[in-house]
Protein chains: 2
Amino acid sequence: MAYSADELNQYAAFALRLADAARGQTLQYFRKRATVFNKAGVWFDPVTDADREAERIVRRMIGKVFPDHGVLGEEFGEVEADGPWRWVLDPVDGTRAFVCGVASWATLIALEYEGDPILGIIDQPYTDECWFGVNGKTVFRHGEDEVLCETSGLTDLAKARISTTDPRANEYFRDHEAATFERLTRASRLARFSLDAYAYGLLAIGELDIVLEAGLQRHDFSALAPVIEGAGGVITNWSGEKLGADDRGETLAAATPELHKAALAILNEKTI
Amino acid sequence: MAYSADELNQYAAFALRLADAARGQTLQYFRKRATVFNKAGVWFDPVTDADREAERIVRRMIGKVFPDHGVLGEEFGEVEADGPWRWVLDPVDGTRAFVCGVASWATLIALEYEGDPILGIIDQPYTDECWFGVNGKTVFRHGEDEVLCETSGLTDLAKARISTTDPRANEYFRDHEAATFERLTRASRLARFSLDAYAYGLLAIGELDIVLEAGLQRHDFSALAPVIEGAGGVITNWSGEKLGADDRGETLAAATPELHKAALAILNEKTI
C-alpha cells in the first residue's frame, strides 16, 4: 500500500465529520416544502437547495484541510489535483425521494486512491442511520447503536429480495435493461423500488439480497463498493467487472459471490 | 351524532394505547431477520410473526376493555358484535417492506361507527412517526414533535408527486389498472413506489400529492380516510365514491378537491 494505516484513519475520521456537516444542511430542508426546480437533462432530476448547500460546505472543509486532494461532486463538478486522493460526493442521492418526504435519500461520500474507492459512507440523517465501509469492514450506526455489517448470506436466487430504484423503461433503465430487471425479478422472490443508495445499505445489513441499477454516475456509485464489500457482499457492473469499467453506470450488488454469479447468468442470458 | 364527545375521546386515547402495544411486538422483529413464510393466495404476501403477535395483543386489549366492540383484523378475521362500533386492524401493513428492512410499513388502526371510520392511525414504529386522524383533524407526531397536518394544497396535476406501491400489472394492479396508473403518471410530475400506507401519511403532511392504489382490503384502507380528510385531502374509490363502495379496493387520495377531480378525469377517460 502506498499510504499508511495512520493516514487512512485520519481520512476516515474526517469523512465522518464531512457527513455530519452535510447533515446540518440537508436536514434544514427535508420535509420543509423546499423549492424544487428542474435541471436540464434527459430525465426529470429535481435538485434542492439542500443538495447545493451541503456540497458547498463539504467542499469548503476538504479544501481547507486537504487542499491537495481532488474533489468530484454531483452539483459543482470536478476540482482536479496532482495527488492520488479524490473525494467523490453526492450530498443528496435520491432527490426524488427527498422531495417526496421519503427518508431513503442519502448523503454519499467516498474517498478514492488512484481511482479506487477505499472508503465509503451512506448516511441517512432523518432516520439517523449511517453505513461506513473502510478497511474491509462496514459499520452500521443507528442512533446510539453500532453493529458490524453482514449481508444475508443468501445463495439461492429463488429466495432473493431484489431492489431497483425504478423498474420502468426510460427512467433509469433503457428498454433492454428494464427487460433484464424483469427477467431477474421473475427468478427471485420479491422486488422493492424507489430506495436509491439506501438499498445498498439494506443489502449490507442482510435485509435485501440483490440491488440492480443502471444509469448511475461516479458520484452515485463510488461510495457503494466499500460498504457492500465490507459486509461480505459483491458489487460489479453487469459484466462482472469493477464499477466504472463501462460508462453505462450499470451496477449489480449481491449478498454473496454465489448469488452474484446466479444473477449475472440471468443478466447475460441471450434473449431473442 | 349517536355518540358523545367524551366517548370519542375515550376511544381516541385507547387507540393510541393499542398502537403503542403493537409497537412492542413489531419492533422485536423488524430487521431481526425474522422468519418469513408464504400464505396461500393470489400473490406473494409474506407474513411475519410480528404481524400475528401484534394483532393478538391488540385484540386481547379490545376484548378486555370494550367487549361489546367488533374487531376485524388482517390475520385473525372478524369477531362481530351487536353494537355499532368495530375496530379494524392491520398490525403490519406493508409486510414486503418489513421483510426488506424498509421502514415504510405501518400499523393501521381504525375505529368504525356503523361502518364508517371515525378515527384512523398510521403508525411507523422504527422511525417513531404516527399520524392520527379524528374529529376532522390529523396530528403527525415524530419523536417529541407534533404538528397539525395539512396537505400540500396543490391543485395542478402537472406538478403532482404521485405514488403507488407497485406500478406493475399482476401485483396489486390488474392490467387496465396498471395502464391507468401509467396514464396518470404521464400527466403528473414524478412517481414513487413501494410505500404502502406510509404514502398516505406523506400526503397528509404535504410531501406527496396523489396516491393511487388497487386491491386494498378493508383493513388496508379503513384507517386512511380520517387521516387524509383531517389534513384537508380527499380520498375515494376510482369512481369518486367512498372507500368500500366497490369490492376492488381501488383508492384515489389527493391533496385537494381540485386535484382529486383532475385525477378522477384521467382515471375515467375512455381509452380505445
# chains A, B, ... in the order shown; residues from 1 in each chain; ligands from 1

$ interface_residues --of "chain B" --to "chain A" --cutoff "10 Å" --atoms "only C-alpha atoms" --output "PyMOL selection string"
chain B and resi 30-33+44-46+96-104+126-128+152+161-163+165-168+189-195+198-199+201-203+205-209

$ residues_around --residues "Gly133 (chain A)" --least-positions-apart "2" --cutoff "8 Å" --atoms "only C-alpha atoms" --output "ChimeraX atom specification"
/A:119-121,131,135-139,226-230

$ select_by_dssp --residues "region 36-164 of chain B" --states "alpha helix (DSSP H)" --output "VMD selection string"
chain B and resid 49 to 65 95 to 99

$ write_last_selection --atoms "N, CA and C atoms" --output "mmCIF file, in the first residue's frame"
data_model
loop_
_atom_site.group_PDB
_atom_site.id
_atom_site.type_symbol
_atom_site.label_atom_id
_atom_site.label_comp_id
_atom_site.auth_asym_id
_atom_site.auth_seq_id
_atom_site.Cartn_x
_atom_site.Cartn_y
_atom_site.Cartn_z
ATOM 1 N N ASP B 49 -44.061 -13.108 12.099
ATOM 2 C CA ASP B 49 -44.542 -13.305 13.463
ATOM 3 C C ASP B 49 -44.989 -11.991 14.072
ATOM 4 N N ALA B 50 -44.308 -10.917 13.703
ATOM 5 C CA ALA B 50 -44.652 -9.588 14.193
ATOM 6 C C ALA B 50 -46.126 -9.293 13.986
ATOM 7 N N ASP B 51 -46.585 -9.569 12.781
ATOM 8 C CA ASP B 51 -47.958 -9.316 12.388
ATOM 9 C C ASP B 51 -48.931 -10.048 13.320
ATOM 10 N N ARG B 52 -48.670 -11.320 13.496
ATOM 11 C CA ARG B 52 -49.582 -12.144 14.285
ATOM 12 C C ARG B 52 -49.555 -11.768 15.771
ATOM 13 N N GLU B 53 -48.354 -11.564 16.282
ATOM 14 C CA GLU B 53 -48.269 -11.276 17.723
ATOM 15 C C GLU B 53 -48.842 -9.906 18.057
ATOM 16 N N ALA B 54 -48.624 -8.953 17.165
ATOM 17 C CA ALA B 54 -49.181 -7.613 17.402
ATOM 18 C C ALA B 54 -50.706 -7.675 17.356
ATOM 19 N N GLU B 55 -51.251 -8.416 16.399
ATOM 20 C CA GLU B 55 -52.708 -8.493 16.317
ATOM 21 C C GLU B 55 -53.289 -9.206 17.532
ATOM 22 N N ARG B 56 -52.596 -10.246 17.986
ATOM 23 C CA ARG B 56 -53.066 -10.958 19.185
ATOM 24 C C ARG B 56 -53.180 -10.030 20.382
ATOM 25 N N ILE B 57 -52.140 -9.236 20.615
ATOM 26 C CA ILE B 57 -52.129 -8.388 21.810
ATOM 27 C C ILE B 57 -53.166 -7.264 21.697
ATOM 28 N N VAL B 58 -53.341 -6.729 20.504
ATOM 29 C CA VAL B 58 -54.317 -5.653 20.316
ATOM 30 C C VAL B 58 -55.741 -6.195 20.487
ATOM 31 N N ARG B 59 -55.999 -7.366 19.923
ATOM 32 C CA ARG B 59 -57.324 -7.986 20.090
ATOM 33 C C ARG B 59 -57.630 -8.267 21.554
ATOM 34 N N ARG B 60 -56.609 -8.722 22.278
ATOM 35 C CA ARG B 60 -56.801 -9.022 23.697
ATOM 36 C C ARG B 60 -57.191 -7.755 24.454
ATOM 37 N N MET B 61 -56.524 -6.651 24.166
ATOM 38 C CA MET B 61 -56.834 -5.387 24.841
ATOM 39 C C MET B 61 -58.255 -4.926 24.532
ATOM 40 N N ILE B 62 -58.651 -5.026 23.269
ATOM 41 C CA ILE B 62 -60.008 -4.588 22.891
ATOM 42 C C ILE B 62 -61.054 -5.463 23.583
ATOM 43 N N GLY B 63 -60.801 -6.775 23.560
ATOM 44 C CA GLY B 63 -61.751 -7.711 24.158
ATOM 45 C C GLY B 63 -61.955 -7.456 25.651
ATOM 46 N N LYS B 64 -60.882 -7.019 26.295
ATOM 47 C CA LYS B 64 -60.922 -6.791 27.736
ATOM 48 C C LYS B 64 -61.624 -5.473 28.075
ATOM 49 N N VAL B 65 -61.294 -4.413 27.343
ATOM 50 C CA VAL B 65 -61.790 -3.077 27.681
ATOM 51 C C VAL B 65 -63.143 -2.791 27.032
ATOM 52 N N THR B 95 -46.013 -5.773 4.524
ATOM 53 C CA THR B 95 -45.150 -6.850 5.015
ATOM 54 C C THR B 95 -43.927 -7.042 4.114
ATOM 55 N N ARG B 96 -44.057 -6.723 2.823
ATOM 56 C CA ARG B 96 -42.874 -6.836 1.948
ATOM 57 C C ARG B 96 -41.810 -5.831 2.350
ATOM 58 N N ALA B 97 -42.241 -4.589 2.641
ATOM 59 C CA ALA B 97 -41.288 -3.582 3.129
ATOM 60 C C ALA B 97 -40.639 -4.089 4.409
ATOM 61 N N PHE B 98 -41.462 -4.635 5.294
ATOM 62 C CA PHE B 98 -40.976 -5.131 6.582
ATOM 63 C C PHE B 98 -39.863 -6.154 6.407
ATOM 64 N N VAL B 99 -40.079 -7.130 5.523
ATOM 65 C CA VAL B 99 -39.069 -8.180 5.361
ATOM 66 C C VAL B 99 -37.858 -7.717 4.556
#

$ residues_around --residues "region 171-174 of chain A" --least-positions-apart "6" --cutoff "12 Å" --atoms "only C-alpha atoms" --output "list in words"
Gly41, Val42, Trp43, Phe44, Asp45, Thr164, Thr165, Thr180, Phe181, Glu182, Ser194, Asp196, Leu212, Glu213, Ala214, Gly215, Leu216, Gln217, Arg248, Gly249, Glu250 and Thr251 of chain A; Leu190, Ala191 and Arg192 of chain B

$ write_last_selection --atoms "C-alpha atoms" --output "compact mmCIF listing (two decimals), in the first residue's frame"
# COMPACT_ATOMS: atom_id res chain seq x y z
CA GLY A 41 -31.28 16.73 -18.75
CA VAL A 42 -32.59 13.52 -20.21
CA TRP A 43 -34.79 12.77 -17.27
CA PHE A 44 -36.51 14.65 -14.52
CA ASP A 45 -33.99 15.27 -11.75
CA THR A 164 -34.08 -1.17 -8.07
CA THR A 165 -34.97 2.49 -7.88
CA THR A 180 -33.38 -7.66 -17.87
CA PHE A 181 -34.58 -6.46 -14.47
CA GLU A 182 -37.96 -8.07 -15.11
CA SER A 194 -37.56 3.72 -5.00
CA ASP A 196 -31.78 4.81 -4.24
CA LEU A 212 -29.70 -3.87 -9.72
CA GLU A 213 -29.40 -0.42 -11.25
CA ALA A 214 -28.37 1.39 -14.40
CA GLY A 215 -27.58 4.96 -15.32
CA LEU A 216 -25.52 5.63 -12.18
CA GLN A 217 -22.70 8.14 -12.34
CA ARG A 248 -23.45 2.87 -18.63
CA GLY A 249 -23.49 3.04 -14.84
CA GLU A 250 -24.86 -0.48 -14.53
CA THR A 251 -24.45 -1.94 -11.04
CA LEU B 190 -42.92 12.25 -10.74
CA ALA B 191 -43.76 8.87 -9.25
CA ARG B 192 -42.51 6.99 -6.19

$ atom_distance --atom1 "CA of Phe221 (chain B)" --atom2 "CA of Leu243 (chain B)"
7.5 Å

$ select_by_dssp --residues "region 37-150 of chain B" --states "strand (DSSP E or B)" --output "count of residues only"
54

$ atom_distance --atom1 "CA of Thr107 (chain B)" --atom2 "CA of Gln124 (chain B)"
6.6 Å

$ residues_around --residues "Asp116 (chain B)" --least-positions-apart "4" --cutoff "10 Å" --atoms "only C-alpha atoms" --output "tab-separated table (two decimals) with N, CA, C and O atoms, in the first residue's frame"
chain	number	residue	atom	x	y	z
B	84	PRO	N	-72.64	-0.74	17.38
B	84	PRO	CA	-72.25	0.00	16.18
B	84	PRO	C	-70.74	0.12	15.97
B	84	PRO	O	-70.30	0.56	14.91
B	85	TRP	N	-69.95	-0.26	16.98
B	85	TRP	CA	-68.51	0.00	16.92
B	85	TRP	C	-67.73	-1.21	16.44
B	85	TRP	O	-67.97	-2.33	16.87
B	86	ARG	N	-66.76	-0.94	15.57
B	86	ARG	CA	-65.88	-2.02	15.12
B	86	ARG	C	-64.45	-1.48	14.91
B	86	ARG	O	-64.25	-0.48	14.24
B	110	ALA	N	-58.16	1.47	12.87
B	110	ALA	CA	-59.32	2.33	12.62
B	110	ALA	C	-60.43	1.94	13.58
B	110	ALA	O	-60.52	0.79	14.01
B	111	LEU	N	-61.27	2.91	13.91
B	111	LEU	CA	-62.50	2.60	14.64
B	111	LEU	C	-63.66	3.07	13.78
B	111	LEU	O	-63.72	4.23	13.37
B	112	GLU	N	-64.55	2.11	13.48
B	112	GLU	CA	-65.70	2.43	12.64
B	112	GLU	C	-66.98	2.51	13.48
B	112	GLU	O	-67.16	1.73	14.41
B	222	SER	N	-59.30	1.24	5.88
B	222	SER	CA	-60.25	1.88	6.81
B	222	SER	C	-59.61	3.04	7.58
B	222	SER	O	-60.25	4.07	7.81
B	225	ALA	N	-59.02	7.22	5.54
B	225	ALA	CA	-59.89	8.39	5.33
B	225	ALA	C	-59.79	9.41	6.47
B	225	ALA	O	-59.62	10.61	6.20
B	226	PRO	N	-59.85	9.00	7.74
B	226	PRO	CA	-59.72	10.02	8.80
B	226	PRO	C	-58.40	10.78	8.73
B	226	PRO	O	-58.37	11.99	9.00
B	242	LYS	N	-67.24	6.75	-1.80
B	242	LYS	CA	-66.46	6.50	-0.59
B	242	LYS	C	-65.83	5.10	-0.61
B	242	LYS	O	-66.34	4.20	-1.28
B	243	LEU	N	-64.72	4.97	0.09
B	243	LEU	CA	-63.99	3.70	0.10
B	243	LEU	C	-64.88	2.58	0.60
B	243	LEU	O	-65.63	2.76	1.55
B	244	GLY	N	-64.77	1.44	-0.05
B	244	GLY	CA	-65.58	0.30	0.36
B	244	GLY	C	-66.86	0.19	-0.44
B	244	GLY	O	-67.59	-0.80	-0.33
